[in-house]
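S.K.: Got a structure for you, questions after.
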Amino acid sequence: MKSKLLLLSALFIIYWKSVRAQTFKSADAKDIALFPQQNDFRNTMNLSGIWKFKKDSMAVGEKEQWFNGLTGSRSIAVPGSWNDQFEEFSDYVGLAWYETDTYIPDVWKGQRIFIRVGAATYAAKIWINGVPLGQHEGGQMPFAFEINSLVKWHANNRITIQVENILKPTRVPTGGAVETSFFHNTPATNYDFFPFSGLNRAVWLYTIPVKTAINDVVITTGFQGTEGSMEVKVKLKGAAADGLVTVSGDGKIIEMPVHFKAGSGVVTARIPNVRLWSPDDPFLYNVEARINQGGKAVDRYTLQTGVRTITATNKQVLLNGKPIFLKGFGKHEDFSIFGKGTALPVMVKDFSLLKWIGANSFRTSHYPYDEEYMNMADREGFLVIDEIPAVGLYFHGDTAALKLRQAQCRQDIEELIDRDKNHPSVIMWSVANEPFGSAAFQMQSTATPEANSGTVRGMKALGELIQMAKKKDPTRLASFVGVMGGPPSWLTLGDVVCINRYWGWYIGGGNIPKAALSISNELDETYKATQKPIMLTEFGADANIAGHTDQPKMWTEEYQRDLIKAYLDVADSKDFVFGMHVWCFADFKTAAATMRPGGMNYKGVFTRDRKPKLAAYYLKSRWNKAAGQDSTARKKD
């Protein structure tokens, strides 16, 4: 009898551990600092492909132990959003489960093995072979966990990922029952793009050496005259070692021994006759960090980066000490069927069209893009404003919700800078898009007085995020993007002023001359108050393709073109305006609402399938540089 009781107790303990007491560690941002790399010391396996998939609208999957193997599943593509792959899932943002299995190669024995999820929107839990591994919250950033203790050798390993994208006021971006009056959407977003759900980027398995491995590489660049400098900080996991940093390119090879103390070593390369990275010459140097023990190499990591500086005066933004003018767009990761899933041919097409139209920059509105976008921007010479997913924030109402959102924003900044810190294309961190100070979407003339609690809280919260970004990366600019009618005091917080304005569309629609006068006056007033360079990060109008009239009317291609022209003409008259980003690059899907016919935002100068509208042809003629002209200079038609 006693033995039976012991057996029952043991079985109960096993059941309790596997179901009732499952614990999930949270992801560490430091584990995404270096993208997986294949070389003689590291291995990678891309798990993109067809996975098993099962909807869990009743939230019973964990209780029923779906992590022990999905039954009644269907096939789904990873990466990709589930909303556009299945008609009946179009507006679904609840729980769902993914599963795949794979063998781990024998040659990976003796290495540390990790799983890395490129993006799981919005929250995810992972099980390996039915055992809980870890969790992550935040939909557009990667996360990684070591899996060595859970690996089965010479057998299939089952990988299960639970994903949910439930829209809540406490999340970033906000959704659900929010306390604003502008968006009344289905699904209930508090932002103007569709909440595509699922595993939207690739899932990787990768390895690093066990005893000593490179954990991070942080590069800071500068120059004096014709000599460039590249400070390379290498961080280690594991035992102490010595190493070698090599910087090469443009016929030069610079080798520097690096010695480590407390897991960190720093060297600085001096590069004679340096080639500075810029849109006109996006030259990238190769950087290799190699770790040695006992005179033998045990790990290496290579990357490419450019030498450049970015600073701001009271009127201009300077790239490599010279004024630049940003010409480009806000855009979205959005395409039919893929949803927000990474679609490399679409990415390549977009960069081709950006070059065709004469743009030199874009903003990752309103979340970090797949890392391939950053790599492509480095190679192709595009300047990037890199933005966290903090869109739809508001600072009135529930203080507990504000604290949760602020904590998520801090996590997003930590992860974003850890991920993108070495990209020369990234010149600015944006910590929010269009945060609200009060419950209503109001213009400044009727806005709640500056002393209201939402404005005070917002001033403190946004200031904290900007300072966090500046402390973590003092080499780049930091700001946020202000909403039309937002508190003017907030615009003093950043290194530069970034604002979205829709005179002639949401306010005063149909009257382009009045819109031009309004934006001109507002720019003058804003500069007088802030004494900082200003950029219009959004302006534009919806246009239906092939919608034409003999006089420019709202929703026609002619009106969109002429409103954009009026804004650009105004900007050319202001020496403190350092950039103009049209909203937006291409039409995109959003939640269903009165102002969004067919659940689409038609402000793109290209259609969703990348056909140019009249505005695109106009911008091409205006932005394409004359022979020999600097592509970052202004160009007036």
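Numbering starts fresh at 1 for the residues of each chain in the structure tokens, the chains themselves are lettered A, B, ... in the order given, and ligands are numbered from 1 as they appear.
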Quick one: residues within 9 Å of Lys613 of chain A, only C-alpha atoms, excluding same-chain residues fewer than 5 positions away - as a CSV table (one decimal) with all heavy atoms, in the first residue's frame?
M.R.:
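The new file around.csv reads:
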chain,number,residue,atom,x,y,z
A,543,ALA,N,-5.7,58.8,-51.5
A,543,ALA,CA,-6.0,58.9,-52.9
A,543,ALA,C,-6.4,57.5,-53.5
A,543,ALA,O,-5.6,56.6,-53.3
A,543,ALA,CB,-4.8,59.5,-53.7
A,544,ASN,N,-7.5,57.4,-54.1
A,544,ASN,CA,-7.9,56.2,-54.8
A,544,ASN,C,-7.2,56.1,-56.1
A,544,ASN,O,-7.2,57.1,-56.9
A,544,ASN,CB,-9.4,56.2,-55.0
A,544,ASN,CG,-10.2,56.0,-53.7
A,544,ASN,OD1,-9.7,55.3,-52.8
A,544,ASN,ND2,-11.3,56.6,-53.6
A,545,ILE,N,-6.6,55.0,-56.4
A,545,ILE,CA,-5.9,54.9,-57.7
A,545,ILE,C,-6.9,55.1,-58.8
A,545,ILE,O,-8.0,54.6,-58.8
A,545,ILE,CB,-5.2,53.5,-57.8
A,545,ILE,CG1,-4.3,53.4,-59.1
A,545,ILE,CG2,-6.2,52.3,-57.8
A,545,ILE,CD1,-3.1,54.2,-59.0
A,546,ALA,N,-6.5,55.8,-59.8
A,546,ALA,CA,-7.4,56.1,-61.0
A,546,ALA,C,-8.6,57.0,-60.6
A,546,ALA,O,-9.5,57.2,-61.4
A,546,ALA,CB,-7.9,54.9,-61.7
A,557,GLU,N,-6.1,61.5,-57.0
A,557,GLU,CA,-4.7,61.5,-57.1
A,557,GLU,C,-4.2,62.9,-57.3
A,557,GLU,O,-3.1,63.2,-56.8
A,557,GLU,CB,-4.2,60.6,-58.3
A,557,GLU,CG,-4.5,59.1,-58.1
A,557,GLU,CD,-3.8,58.3,-59.2
A,557,GLU,OE1,-2.6,58.5,-59.4
A,557,GLU,OE2,-4.5,57.5,-59.9
A,561,ARG,N,-1.4,64.7,-54.8
A,561,ARG,CA,-0.1,65.3,-55.4
A,561,ARG,C,0.0,66.7,-55.0
A,561,ARG,O,1.1,67.2,-54.6
A,561,ARG,CB,-0.2,65.1,-56.9
A,561,ARG,CG,1.0,65.8,-57.6
A,561,ARG,CD,0.7,65.9,-59.1
A,561,ARG,NE,-0.5,66.9,-59.3
A,561,ARG,CZ,-1.2,67.0,-60.4
A,561,ARG,NH1,-0.9,66.3,-61.4
A,561,ARG,NH2,-2.2,67.8,-60.4
A,604,GLY,N,-0.9,56.0,-49.4
A,604,GLY,CA,0.4,55.6,-50.1
A,604,GLY,C,0.5,56.4,-51.4
A,604,GLY,O,-0.5,56.6,-52.1
A,605,VAL,N,1.7,56.7,-51.8
A,605,VAL,CA,2.0,57.2,-53.1
A,605,VAL,C,2.1,56.0,-54.1
A,605,VAL,O,2.2,56.2,-55.3
A,605,VAL,CB,3.2,58.2,-53.2
A,605,VAL,CG1,3.0,59.3,-52.2
A,605,VAL,CG2,4.5,57.4,-52.9
A,606,PHE,N,2.2,54.8,-53.5
A,606,PHE,CA,2.1,53.6,-54.3
A,606,PHE,C,0.9,52.8,-53.7
A,606,PHE,O,0.6,52.9,-52.6
A,606,PHE,CB,3.4,52.7,-54.1
A,606,PHE,CG,4.6,53.3,-54.7
A,606,PHE,CD1,5.5,54.0,-53.9
A,606,PHE,CD2,5.0,53.2,-56.0
A,606,PHE,CE1,6.7,54.6,-54.4
A,606,PHE,CE2,6.1,53.8,-56.6
A,606,PHE,CZ,7.0,54.5,-55.7
A,607,THR,N,0.3,52.0,-54.6
A,607,THR,CA,-0.7,51.1,-54.1
A,607,THR,C,-0.2,50.0,-53.3
A,607,THR,O,1.1,49.9,-53.2
A,607,THR,CB,-1.5,50.5,-55.3
A,607,THR,OG1,-0.6,49.7,-56.0
A,607,THR,CG2,-2.1,51.6,-56.2
A,618,TYR,N,5.3,62.7,-59.3
A,618,TYR,CA,5.7,64.0,-59.0
A,618,TYR,C,7.0,64.0,-58.1
A,618,TYR,O,7.9,64.8,-58.3
A,618,TYR,CB,4.6,64.8,-58.3
A,618,TYR,CG,5.0,66.1,-57.7
A,618,TYR,CD1,5.3,67.1,-58.6
A,618,TYR,CD2,5.3,66.3,-56.4
A,618,TYR,CE1,5.8,68.3,-58.1
A,618,TYR,CE2,5.7,67.4,-55.8
A,618,TYR,CZ,6.0,68.5,-56.7
A,618,TYR,OH,6.5,69.7,-56.2
S.K.: Tell me, which residues of segment 370-518 of chain A carry DSSP strand (DSSP E or B), written as a PyMOL selection string?
M.R.: chain A and resi 383-387+391+394+426-433+436+477-482+497-500+503+507
S.K.: With a distance cut-off of 8 Å and only C-alpha atoms, select the neighbouring residues of segment 126-132 of chain A, excluding the residue or stretch itself and same-chain residues fewer than 4 positions from it, and output the selection as a PyMOL selection string.
M.R.: chain A and resi 18+22-24+67-69+147+150-151+157-162
S.K.: Mind writing the picked residues with N, CA, C and O atoms as a compact mmCIF listing (two decimals), in the first residue's frame?
M.R.:
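Ended up saving to out-v6.txt:
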# COMPACT_ATOMS: atom_id res chain seq x y z
N SER A 18 4.22 19.60 -14.56
CA SER A 18 4.04 19.77 -16.00
C SER A 18 2.87 20.65 -16.37
O SER A 18 2.85 21.25 -17.43
N GLN A 22 3.85 25.16 -14.14
CA GLN A 22 4.79 25.49 -15.21
C GLN A 22 5.29 26.91 -15.03
O GLN A 22 4.52 27.84 -14.79
N THR A 23 6.58 27.06 -15.13
CA THR A 23 7.18 28.38 -15.01
C THR A 23 7.93 28.70 -16.30
O THR A 23 8.55 27.82 -16.91
N PHE A 24 7.87 29.96 -16.68
CA PHE A 24 8.51 30.41 -17.91
C PHE A 24 9.42 31.59 -17.58
O PHE A 24 8.95 32.62 -17.08
N PHE A 67 0.90 21.43 -25.61
CA PHE A 67 2.35 21.45 -25.78
C PHE A 67 2.93 20.04 -25.91
O PHE A 67 4.10 19.88 -26.25
N ASN A 68 2.13 19.02 -25.64
CA ASN A 68 2.58 17.64 -25.82
C ASN A 68 2.25 17.10 -27.21
O ASN A 68 2.42 15.91 -27.46
N GLY A 69 1.82 17.97 -28.09
CA GLY A 69 1.55 17.59 -29.48
C GLY A 69 0.20 18.07 -29.93
O GLY A 69 -0.82 17.76 -29.31
N ILE A 147 18.49 26.15 -25.07
CA ILE A 147 17.62 24.96 -24.98
C ILE A 147 18.40 23.68 -24.70
O ILE A 147 17.82 22.59 -24.76
N LEU A 150 17.02 20.65 -22.79
CA LEU A 150 15.76 20.06 -23.27
C LEU A 150 15.91 19.31 -24.59
O LEU A 150 14.95 18.71 -25.08
N VAL A 151 17.11 19.32 -25.15
CA VAL A 151 17.33 18.72 -26.47
C VAL A 151 17.36 17.19 -26.37
O VAL A 151 17.95 16.62 -25.46
N ASN A 157 12.84 16.74 -32.22
CA ASN A 157 12.58 17.66 -31.13
C ASN A 157 11.36 18.51 -31.49
O ASN A 157 11.34 19.16 -32.54
N ARG A 158 10.37 18.48 -30.62
CA ARG A 158 9.13 19.21 -30.88
C ARG A 158 9.23 20.62 -30.29
O ARG A 158 9.54 20.80 -29.11
N ILE A 159 8.97 21.60 -31.13
CA ILE A 159 8.99 23.00 -30.73
C ILE A 159 7.56 23.52 -30.79
O ILE A 159 6.92 23.47 -31.83
N THR A 160 7.07 24.00 -29.67
CA THR A 160 5.70 24.49 -29.58
C THR A 160 5.73 25.94 -29.12
O THR A 160 6.39 26.28 -28.13
N ILE A 161 5.01 26.80 -29.84
CA ILE A 161 4.96 28.22 -29.49
C ILE A 161 3.50 28.66 -29.42
O ILE A 161 2.76 28.54 -30.40
N GLN A 162 3.11 29.12 -28.26
CA GLN A 162 1.79 29.70 -28.08
C GLN A 162 1.90 31.21 -28.31
O GLN A 162 2.77 31.87 -27.75
S.K.: Which of these residues is nearest to Tyr369 of chain A, using only C-alpha atoms: A:Met141, A:Ala407, A:Ala59, A:Ile564?
M.R.: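 With only C-alpha atoms as the atom set, the closest residue is A:Met141.
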S.K.: Val287 of chain A: which residues within 7 Å, counting only C-alpha atoms, same-chain residues fewer than 4 positions away excluded, as a list of chain:residue names?
M.R.: A:Thr246, A:Val247, A:Ser248, A:Thr302, A:Leu303, A:Gln304
S.K.: Using only C-alpha atoms, which of the listed residues (A:Thr170, A:Ser336, A:Gln316, A:Thr207) sits closest to Arg112 of chain A?
M.R.: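 Looking only at the distances to Arg112 of chain A, the closest residue turns out to be A:Thr207.
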S.K.: Report, in Å with one decimal, the straight-line distance from atom CA of Met376 of chain A to atom CA of Glu288 of chain A.
M.R.: 19.8 Å
S.K.: Apply DSSP to the structure's backbone, then extract all residues of segment 399-526 of chain A labelled helix (DSSP H, G or I) and return them as a PDB file with C-alpha atoms, in the first residue's frame.
M.R.:
ATOM      1  CA  THR A 399      -1.992  55.164 -13.564  1.00  0.00           C
ATOM      2  CA  ALA A 400      -1.471  51.400 -13.158  1.00  0.00           C
ATOM      3  CA  ALA A 401      -1.890  50.944 -16.913  1.00  0.00           C
ATOM      4  CA  LEU A 402       0.532  53.799 -17.535  1.00  0.00           C
ATOM      5  CA  LYS A 403       3.173  52.084 -15.390  1.00  0.00           C
ATOM      6  CA  LEU A 404       2.768  48.829 -17.311  1.00  0.00           C
ATOM      7  CA  ARG A 405       3.031  50.593 -20.677  1.00  0.00           C
ATOM      8  CA  GLN A 406       6.058  52.567 -19.519  1.00  0.00           C
ATOM      9  CA  ALA A 407       7.793  49.365 -18.418  1.00  0.00           C
ATOM     10  CA  GLN A 408       7.108  47.808 -21.820  1.00  0.00           C
ATOM     11  CA  CYS A 409       8.460  50.900 -23.580  1.00  0.00           C
ATOM     12  CA  ARG A 410      11.659  50.645 -21.548  1.00  0.00           C
ATOM     13  CA  GLN A 411      11.977  46.992 -22.554  1.00  0.00           C
ATOM     14  CA  ASP A 412      11.379  47.912 -26.202  1.00  0.00           C
ATOM     15  CA  ILE A 413      14.140  50.543 -26.107  1.00  0.00           C
ATOM     16  CA  GLU A 414      16.524  48.097 -24.457  1.00  0.00           C
ATOM     17  CA  GLU A 415      15.859  45.435 -27.069  1.00  0.00           C
ATOM     18  CA  LEU A 416      15.857  47.785 -30.055  1.00  0.00           C
ATOM     19  CA  ILE A 417      19.184  49.416 -29.251  1.00  0.00           C
ATOM     20  CA  ASP A 418      20.781  46.069 -28.379  1.00  0.00           C
ATOM     21  CA  ARG A 419      19.651  44.803 -31.787  1.00  0.00           C
ATOM     22  CA  ASP A 420      20.315  47.799 -34.072  1.00  0.00           C
ATOM     23  CA  GLN A 444      -4.044  73.135 -29.494  1.00  0.00           C
ATOM     24  CA  SER A 445      -6.582  75.954 -29.451  1.00  0.00           C
ATOM     25  CA  THR A 446      -9.050  73.796 -27.504  1.00  0.00           C
ATOM     26  CA  SER A 453      -2.375  65.491 -15.286  1.00  0.00           C
ATOM     27  CA  GLY A 454      -2.098  63.668 -18.630  1.00  0.00           C
ATOM     28  CA  THR A 455       0.251  66.310 -20.015  1.00  0.00           C
ATOM     29  CA  VAL A 456       2.388  66.297 -16.870  1.00  0.00           C
ATOM     30  CA  ARG A 457       2.583  62.503 -16.830  1.00  0.00           C
ATOM     31  CA  GLY A 458       3.369  62.398 -20.534  1.00  0.00           C
ATOM     32  CA  MET A 459       6.138  64.969 -20.156  1.00  0.00           C
ATOM     33  CA  LYS A 460       7.751  62.837 -17.466  1.00  0.00           C
ATOM     34  CA  ALA A 461       7.239  59.502 -19.243  1.00  0.00           C
ATOM     35  CA  LEU A 462       8.465  60.619 -22.664  1.00  0.00           C
ATOM     36  CA  GLY A 463      11.389  62.465 -21.119  1.00  0.00           C
ATOM     37  CA  GLU A 464      12.412  59.320 -19.272  1.00  0.00           C
ATOM     38  CA  LEU A 465      12.319  57.235 -22.478  1.00  0.00           C
ATOM     39  CA  ILE A 466      14.320  59.769 -24.477  1.00  0.00           C
ATOM     40  CA  GLN A 467      16.938  60.017 -21.749  1.00  0.00           C
ATOM     41  CA  MET A 468      17.122  56.230 -21.524  1.00  0.00           C
ATOM     42  CA  ALA A 469      17.799  56.018 -25.265  1.00  0.00           C
ATOM     43  CA  LYS A 470      20.424  58.770 -25.032  1.00  0.00           C
ATOM     44  CA  LYS A 471      22.163  57.095 -22.101  1.00  0.00           C
ATOM     45  CA  LYS A 472      22.195  53.689 -23.765  1.00  0.00           C
ATOM     46  CA  PRO A 488       3.582  71.929 -27.272  1.00  0.00           C
ATOM     47  CA  SER A 489       5.741  71.517 -24.164  1.00  0.00           C
ATOM     48  CA  TRP A 490       6.519  67.906 -25.084  1.00  0.00           C
ATOM     49  CA  LEU A 491       8.264  69.023 -28.285  1.00  0.00           C
ATOM     50  CA  THR A 492      11.172  70.402 -26.249  1.00  0.00           C
ATOM     51  CA  ILE A 512      -4.803  73.369 -50.031  1.00  0.00           C
ATOM     52  CA  PRO A 513      -3.875  77.093 -49.899  1.00  0.00           C
ATOM     53  CA  LYS A 514      -5.244  77.339 -46.346  1.00  0.00           C
ATOM     54  CA  ALA A 515      -3.419  74.139 -45.397  1.00  0.00           C
ATOM     55  CA  ALA A 516      -0.131  75.590 -46.672  1.00  0.00           C
ATOM     56  CA  LEU A 517      -0.645  78.772 -44.657  1.00  0.00           C
ATOM     57  CA  SER A 518      -1.546  76.779 -41.525  1.00  0.00           C
ATOM     58  CA  ILE A 519       1.498  74.517 -41.673  1.00  0.00           C
ATOM     59  CA  SER A 520       3.768  77.462 -42.441  1.00  0.00           C
ATOM     60  CA  ASN A 521       2.531  79.404 -39.426  1.00  0.00           C
ATOM     61  CA  GLU A 522       2.720  76.365 -37.156  1.00  0.00           C
ATOM     62  CA  LEU A 523       6.275  75.574 -38.199  1.00  0.00           C
ATOM     63  CA  ASP A 524       7.341  79.146 -37.434  1.00  0.00           C
ATOM     64  CA  GLU A 525       5.634  79.065 -34.039  1.00  0.00           C
ATOM     65  CA  THR A 526       7.108  75.677 -33.166  1.00  0.00           C
TER      66      THR A 526
END
S.K.: Between A:Ser278, A:Asn500, A:Asn273, A:Ala571, which residue has the minimum interatomic distance to Leu318 of chain A, considering only C-alpha atoms?
M.R.: A:Ser278
S.K.: For segment 76-82 of chain A, work out the shell of residues within 7 Å, counting only C-alpha atoms and skipping chain neighbours fewer than 5 positions away, then give it as a list of chain:residue names.
M.R.: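 Non-adjacent residues within range: A:Ser48, A:Gly49, A:Ile50, A:Trp51, A:Lys52, A:Phe53, A:Phe89, A:Phe196, A:Ser197, A:Gly198, A:Leu199, A:Asn200, A:Arg201, A:Ala202, A:Phe338, A:Gly339, A:Lys340, A:Gly341, A:Thr342.
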S.K.: Limited to N, CA, C and O atoms, could you put the picked residues into a file as a PDB file, in the first residue's frame?
M.R.:
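And here's out_23.pdb as it stands now:
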ATOM      1  N   SER A  48      12.051  28.379 -40.910  1.00  0.00           N
ATOM      2  CA  SER A  48      10.967  28.885 -41.750  1.00  0.00           C
ATOM      3  C   SER A  48      10.400  27.752 -42.599  1.00  0.00           C
ATOM      4  O   SER A  48      11.134  26.871 -43.048  1.00  0.00           O
ATOM      5  N   GLY A  49       9.101  27.785 -42.814  1.00  0.00           N
ATOM      6  CA  GLY A  49       8.461  26.746 -43.613  1.00  0.00           C
ATOM      7  C   GLY A  49       7.023  26.564 -43.181  1.00  0.00           C
ATOM      8  O   GLY A  49       6.385  27.492 -42.685  1.00  0.00           O
ATOM      9  N   ILE A  50       6.516  25.358 -43.365  1.00  0.00           N
ATOM     10  CA  ILE A  50       5.144  25.053 -42.996  1.00  0.00           C
ATOM     11  C   ILE A  50       5.114  24.400 -41.614  1.00  0.00           C
ATOM     12  O   ILE A  50       5.737  23.373 -41.401  1.00  0.00           O
ATOM     13  N   TRP A  51       4.399  25.024 -40.700  1.00  0.00           N
ATOM     14  CA  TRP A  51       4.250  24.537 -39.331  1.00  0.00           C
ATOM     15  C   TRP A  51       2.822  24.033 -39.129  1.00  0.00           C
ATOM     16  O   TRP A  51       1.917  24.322 -39.923  1.00  0.00           O
ATOM     17  N   LYS A  52       2.609  23.311 -38.027  1.00  0.00           N
ATOM     18  CA  LYS A  52       1.257  22.983 -37.582  1.00  0.00           C
ATOM     19  C   LYS A  52       0.682  24.195 -36.852  1.00  0.00           C
ATOM     20  O   LYS A  52       1.417  24.952 -36.205  1.00  0.00           O
ATOM     21  N   PHE A  53      -0.646  24.337 -36.925  1.00  0.00           N
ATOM     22  CA  PHE A  53      -1.285  25.523 -36.358  1.00  0.00           C
ATOM     23  C   PHE A  53      -2.661  25.151 -35.827  1.00  0.00           C
ATOM     24  O   PHE A  53      -3.390  24.366 -36.445  1.00  0.00           O
ATOM     25  N   PHE A  89     -10.003  33.693 -40.067  1.00  0.00           N
ATOM     26  CA  PHE A  89      -9.168  34.263 -39.008  1.00  0.00           C
ATOM     27  C   PHE A  89      -8.881  35.747 -39.248  1.00  0.00           C
ATOM     28  O   PHE A  89      -8.046  36.332 -38.580  1.00  0.00           O
ATOM     29  N   PHE A 196      -1.884  42.585 -37.286  1.00  0.00           N
ATOM     30  CA  PHE A 196      -1.547  41.260 -37.804  1.00  0.00           C
ATOM     31  C   PHE A 196      -0.885  40.420 -36.705  1.00  0.00           C
ATOM     32  O   PHE A 196       0.001  40.881 -35.998  1.00  0.00           O
ATOM     33  N   SER A 197      -1.308  39.162 -36.611  1.00  0.00           N
ATOM     34  CA  SER A 197      -0.914  38.303 -35.495  1.00  0.00           C
ATOM     35  C   SER A 197      -0.101  37.104 -35.970  1.00  0.00           C
ATOM     36  O   SER A 197      -0.233  36.671 -37.122  1.00  0.00           O
ATOM     37  N   GLY A 198       0.700  36.554 -35.056  1.00  0.00           N
ATOM     38  CA  GLY A 198       1.386  35.302 -35.337  1.00  0.00           C
ATOM     39  C   GLY A 198       2.891  35.409 -35.338  1.00  0.00           C
ATOM     40  O   GLY A 198       3.478  36.367 -34.818  1.00  0.00           O
ATOM     41  N   LEU A 199       3.533  34.409 -35.922  1.00  0.00           N
ATOM     42  CA  LEU A 199       4.993  34.379 -36.063  1.00  0.00           C
ATOM     43  C   LEU A 199       5.341  35.080 -37.373  1.00  0.00           C
ATOM     44  O   LEU A 199       5.389  34.474 -38.442  1.00  0.00           O
ATOM     45  N   ASN A 200       5.570  36.380 -37.280  1.00  0.00           N
ATOM     46  CA  ASN A 200       5.724  37.207 -38.476  1.00  0.00           C
ATOM     47  C   ASN A 200       7.151  37.258 -39.014  1.00  0.00           C
ATOM     48  O   ASN A 200       7.370  37.824 -40.090  1.00  0.00           O
ATOM     49  N   ARG A 201       8.098  36.682 -38.291  1.00  0.00           N
ATOM     50  CA  ARG A 201       9.481  36.636 -38.774  1.00  0.00           C
ATOM     51  C   ARG A 201      10.049  35.244 -38.524  1.00  0.00           C
ATOM     52  O   ARG A 201       9.435  34.416 -37.863  1.00  0.00           O
ATOM     53  N   ALA A 202      11.214  35.000 -39.045  1.00  0.00           N
ATOM     54  CA  ALA A 202      11.794  33.658 -39.023  1.00  0.00           C
ATOM     55  C   ALA A 202      12.101  33.194 -37.599  1.00  0.00           C
ATOM     56  O   ALA A 202      12.370  33.995 -36.696  1.00  0.00           O
ATOM     57  N   PHE A 338       0.877  37.999 -47.055  1.00  0.00           N
ATOM     58  CA  PHE A 338       1.930  37.924 -46.044  1.00  0.00           C
ATOM     59  C   PHE A 338       1.520  38.626 -44.749  1.00  0.00           C
ATOM     60  O   PHE A 338       2.011  38.283 -43.684  1.00  0.00           O
ATOM     61  N   GLY A 339       0.633  39.642 -44.843  1.00  0.00           N
ATOM     62  CA  GLY A 339       0.335  40.469 -43.682  1.00  0.00           C
ATOM     63  C   GLY A 339       1.575  41.226 -43.256  1.00  0.00           C
ATOM     64  O   GLY A 339       2.164  41.957 -44.045  1.00  0.00           O
ATOM     65  N   LYS A 340       2.012  41.035 -42.024  1.00  0.00           N
ATOM     66  CA  LYS A 340       3.277  41.609 -41.564  1.00  0.00           C
ATOM     67  C   LYS A 340       4.400  40.584 -41.599  1.00  0.00           C
ATOM     68  O   LYS A 340       5.497  40.827 -41.080  1.00  0.00           O
ATOM     69  N   GLY A 341       4.159  39.454 -42.204  1.00  0.00           N
ATOM     70  CA  GLY A 341       5.207  38.455 -42.315  1.00  0.00           C
ATOM     71  C   GLY A 341       6.320  38.926 -43.234  1.00  0.00           C
ATOM     72  O   GLY A 341       6.078  39.581 -44.253  1.00  0.00           O
ATOM     73  N   THR A 342       7.561  38.595 -42.870  1.00  0.00           N
ATOM     74  CA  THR A 342       8.710  38.988 -43.680  1.00  0.00           C
ATOM     75  C   THR A 342       8.582  38.426 -45.092  1.00  0.00           C
ATOM     76  O   THR A 342       8.437  37.220 -45.278  1.00  0.00           O
TER      77      THR A 342
END
